[in-house]
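J.: So that we are looking at the same thing, I have put the structure below in structure tokens.
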Amino acid sequence: MATGNLTHVTEFILMGVSDRPELQVPLFFLFLVIYLLTAAGNLGIITLTTVDSRLQTPMYFFLRHLAIINFGNSTVIAPKMLVNFLVSKKTTLYYECATQLGGFLVFIVAEIFMLAVMAYDRYVAICNPLLYMVVVSRQVCLLLVFLTYLFSFVTAIVVTPCVFSVSYCSSNVINHFYCDNVPLLALSCSDTHLPETVVFFFSATNLFFSMIIVLISYFNIILAILRIRSSEGRKKAFSTCASHMMAVTVFYGTLLFMYLQPRTNHSLDTDKMASVFYTLIIPMLNPVIYSFRNKDVKCALKEFLKNPCKRFNLI
């Protein structure tokens, strides 16, 4: 723990969502339910898209990886958060904190690009249906997923050491419920210009390129829907796209709010509330938005629940 000027910090203290003692137990149960629903929903999608023969198209391949990413992201954050609700000393070791930040960056950047990949997949399916299986072939799917994870690991490997290269003086109290780069840099007593520039560069670059793909894809999808002659067909297509676009808007909106504003404008308490959305709430909602409203997924789930052993080829 920091005890003097420029002393190496060996542990940090996470303030959590709230420091009010009477809220710790209610918040524990609230976020426990959120995490359990997140785990059940995303593990359910991973299972169904693996064992059901009808869910082997590129769309469900990408959905499976989105579920893996969502489950990974919430698992990096939630268990430590839940433990801290029940203990008086909410500490995290220096290298534990660095590992959590690295894991968070891997999954959050992977989600950014996976949403872009899924938007492109829907664009090809709706706007070029005859060429869909040629354009989004098995090799293309594997390449897009590989590049998604590659960009996320590169971001984590570069940004995490950069954030932890700064010096910490007397304070080691992180005003957050997990180790994030913004509150960590706010604690530093050394020059943070370089790490802040690196964080801004990677945040801006990742968000810019993924958002361009998402915006162009959904713009063309909307144009294609407007050309549908049947009003019932247009209504059904808009209903599906509206929920997808709402989820994407909330996700990207909170990230833009968090990482692309100057440090002087940051309110860490407000940032915590925004972080709850993209680390815990959105991973819980994504299985419902992207999968469980889908007719094929509903049928696959019903059949799986009737005879799970058969689906796993156990009988």
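Chain labels run A, B, ... following the order of the structure tokens; each chain numbers its residues from 1, and ligands are numbered from 1 in the order shown.
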Wanna dump the range 16-54 of chain A-range 85-101 of chain A contacts at 8 Å for me, each residue with its shortest atom pair and the distance in Å to one decimal, counting only C-alpha atoms, ordered by chain and number, as a Markdown table?

T.:
| residue | atom | partner | partner_atom | distance |
| --- | --- | --- | --- | --- |
| A:Gly16 | CA | A:Phe85 | CA | 7.7 |
| A:Gln24 | CA | A:Phe85 | CA | 5.1 |
| A:Val25 | CA | A:Phe85 | CA | 6.6 |
| A:Leu27 | CA | A:Phe85 | CA | 7.4 |
| A:Phe28 | CA | A:Phe85 | CA | 5.8 |

J.: Any chance you can output those residues with C-alpha atoms as an mmCIF file, in the first residue's frame?

T.:
data_model
loop_
_atom_site.group_PDB
_atom_site.id
_atom_site.type_symbol
_atom_site.label_atom_id
_atom_site.label_comp_id
_atom_site.auth_asym_id
_atom_site.auth_seq_id
_atom_site.Cartn_x
_atom_site.Cartn_y
_atom_site.Cartn_z
ATOM 1 C CA GLY A 16 -17.593 -0.141 -5.506
ATOM 2 C CA GLN A 24 -24.247 -3.429 0.174
ATOM 3 C CA VAL A 25 -26.446 -6.510 0.729
ATOM 4 C CA LEU A 27 -26.834 -4.481 -4.271
ATOM 5 C CA PHE A 28 -25.155 -7.859 -3.832
#

J.: For Glu111 in chain A, work out the shell of residues within 8 Å, counting only C-alpha atoms and skipping chain neighbours fewer than 5 positions away, then give it as a PyMOL selection string.

T.: chain A and resi 66+69-70

J.: Would you mind listing what lies within 12 Å of Val159 in chain A as a ChimeraX atom specification, with only C-alpha atoms counted and same-chain residues fewer than 2 positions away left out?

T.: /A:98-99,101-106,109,151-157,161-165,180-182,185,194-203

J.: Please return, as a PyMOL selection string, all residues of range 107-286 of chain A that DSSP assigns to strand (DSSP E or B) on the basis of the backbone.

T.: chain A and resi 168+173-174+188

J.: Save the residues we just selected, N, CA and C atoms, as a PDB file, in the first residue's frame?

T.:
ATOM      1  N   TYR A 168       2.093   6.011  -8.453  1.00  0.00           N
ATOM      2  CA  TYR A 168       1.000   6.309  -7.528  1.00  0.00           C
ATOM      3  C   TYR A 168       1.600   6.761  -6.203  1.00  0.00           C
ATOM      4  N   VAL A 173      -7.055   4.450  -3.577  1.00  0.00           N
ATOM      5  CA  VAL A 173      -8.491   4.181  -3.557  1.00  0.00           C
ATOM      6  C   VAL A 173      -9.070   4.468  -4.947  1.00  0.00           C
ATOM      7  N   ILE A 174      -9.538   3.416  -5.614  1.00  0.00           N
ATOM      8  CA  ILE A 174     -10.108   3.546  -6.960  1.00  0.00           C
ATOM      9  C   ILE A 174     -11.603   3.800  -6.837  1.00  0.00           C
ATOM     10  N   SER A 188      -3.000   8.775 -10.385  1.00  0.00           N
ATOM     11  CA  SER A 188      -1.562   8.940 -10.568  1.00  0.00           C
ATOM     12  C   SER A 188      -1.081  10.326 -10.169  1.00  0.00           C
TER      13      SER A 188
END

J.: Find the residues of range 153-255 of chain A that sit at most 12 Å from range 125-132 of chain A; for each, write down the nearest two atoms and how far apart they are in Å, to one decimal. Count only C-alpha atoms. Sort by chain, then by number going up, and give it as a tab-separated table.

T.:
residue	atom	partner	partner_atom	distance
A:Ser217	CA	A:Cys127	CA	9.5
A:Tyr218	CA	A:Ile126	CA	10.3
A:Phe219	CA	A:Cys127	CA	11.0
A:Asn220	CA	A:Cys127	CA	7.5
A:Ile221	CA	A:Ile126	CA	6.6
A:Ile222	CA	A:Ile126	CA	9.8
A:Leu223	CA	A:Cys127	CA	9.1
A:Ala224	CA	A:Cys127	CA	6.3
A:Ile225	CA	A:Ile126	CA	8.4
A:Leu226	CA	A:Cys127	CA	11.7
A:Arg227	CA	A:Cys127	CA	10.6
A:Ile228	CA	A:Ile126	CA	10.9
A:Ala237	CA	A:Ile126	CA	9.9
A:Cys241	CA	A:Ile126	CA	11.2

J.: Can you tell me how far CA of Val9 in chain A sits from CA of Ala274 in chain A, in Å to one decimal?

T.: 27.3 Å

J.: Work out how far apart CA of Val276 in chain A and CA of Leu36 in chain A are and give it in Å to one decimal.

T.: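 Separating CA of Val276 in chain A from CA of Leu36 in chain A is a distance of 15.2 Å.
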
J.: Please report the interatomic distance between CA of Leu187 in chain A and CA of Tyr278 in chain A in Å with one decimal.

T.: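 Spanning CA of Leu187 in chain A to CA of Tyr278 in chain A is a straight-line distance of 23.1 Å.
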
J.: Would you please work out which residue, of A:His244, A:Leu82, A:Met15, A:His176, is nearest to Ile34 in chain A when using only C-alpha atoms?

T.: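 For Ile34 in chain A, the nearest of the candidates is A:Leu82.
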
J.: Skip range 59-62 of chain A itself and residues of its chain fewer than 3 positions away, then list as number ranges by chain all residues within 8 Å of it, counting only C-alpha atoms.

T.: A: 49, 55-56, 65-66, 114, 117-118, 121-122, 141, 145

J.: So that I can check the surroundings of Leu142 in chain A, please list as a short mmCIF file (atom, residue, chain, number, x, y, z; two decimals) with all heavy atoms, in the first residue's frame every protein, DNA and RNA residue that reaches within 10 Å of it, counting only C-alpha atoms and ignoring chain neighbours fewer than 5 positions away.

T.:
data_model
loop_
_atom_site.label_atom_id
_atom_site.label_comp_id
_atom_site.auth_asym_id
_atom_site.auth_seq_id
_atom_site.Cartn_x
_atom_site.Cartn_y
_atom_site.Cartn_z
N PRO A 58 -23.68 -18.63 -40.58
CA PRO A 58 -22.75 -17.59 -40.11
C PRO A 58 -23.33 -16.69 -39.02
O PRO A 58 -22.62 -16.32 -38.08
CB PRO A 58 -22.46 -16.78 -41.39
CG PRO A 58 -22.62 -17.78 -42.48
CD PRO A 58 -23.73 -18.68 -42.05
N PHE A 61 -23.03 -18.43 -35.80
CA PHE A 61 -21.60 -18.54 -35.48
C PHE A 61 -21.11 -17.27 -34.80
O PHE A 61 -20.42 -17.31 -33.77
CB PHE A 61 -20.81 -18.81 -36.76
CG PHE A 61 -19.32 -18.87 -36.56
CD1 PHE A 61 -18.72 -19.98 -35.97
CD2 PHE A 61 -18.51 -17.82 -36.96
CE1 PHE A 61 -17.35 -20.04 -35.80
CE2 PHE A 61 -17.14 -17.86 -36.80
CZ PHE A 61 -16.56 -18.98 -36.22
N PHE A 62 -21.51 -16.11 -35.35
CA PHE A 62 -21.12 -14.83 -34.75
C PHE A 62 -21.84 -14.60 -33.42
O PHE A 62 -21.25 -14.06 -32.47
CB PHE A 62 -21.41 -13.68 -35.71
CG PHE A 62 -20.61 -13.72 -36.99
CD1 PHE A 62 -21.21 -13.51 -38.22
CD2 PHE A 62 -19.25 -13.98 -36.95
CE1 PHE A 62 -20.47 -13.56 -39.39
CE2 PHE A 62 -18.49 -14.03 -38.12
CZ PHE A 62 -19.11 -13.82 -39.34
N VAL A 136 -20.03 -14.50 -47.16
CA VAL A 136 -19.77 -14.84 -45.75
C VAL A 136 -19.54 -16.35 -45.67
O VAL A 136 -20.31 -17.09 -45.06
CB VAL A 136 -20.95 -14.40 -44.84
CG1 VAL A 136 -20.54 -14.47 -43.38
CG2 VAL A 136 -21.38 -12.97 -45.16
N SER A 137 -18.46 -16.78 -46.28
CA SER A 137 -18.11 -18.21 -46.28
C SER A 137 -17.51 -18.61 -44.94
O SER A 137 -17.25 -17.77 -44.07
CB SER A 137 -17.11 -18.50 -47.40
OG SER A 137 -15.89 -17.81 -47.14
N LEU A 147 -9.60 -11.83 -36.52
CA LEU A 147 -9.20 -10.42 -36.48
C LEU A 147 -9.82 -9.69 -35.28
O LEU A 147 -9.17 -8.83 -34.67
CB LEU A 147 -9.61 -9.73 -37.78
CG LEU A 147 -8.84 -10.15 -39.04
CD1 LEU A 147 -9.44 -9.50 -40.27
CD2 LEU A 147 -7.36 -9.79 -38.90
N THR A 148 -11.06 -10.06 -34.93
CA THR A 148 -11.72 -9.46 -33.76
C THR A 148 -10.91 -9.72 -32.50
O THR A 148 -10.62 -8.80 -31.73
CB THR A 148 -13.14 -10.05 -33.62
OG1 THR A 148 -13.94 -9.62 -34.71
CG2 THR A 148 -13.79 -9.59 -32.31
#
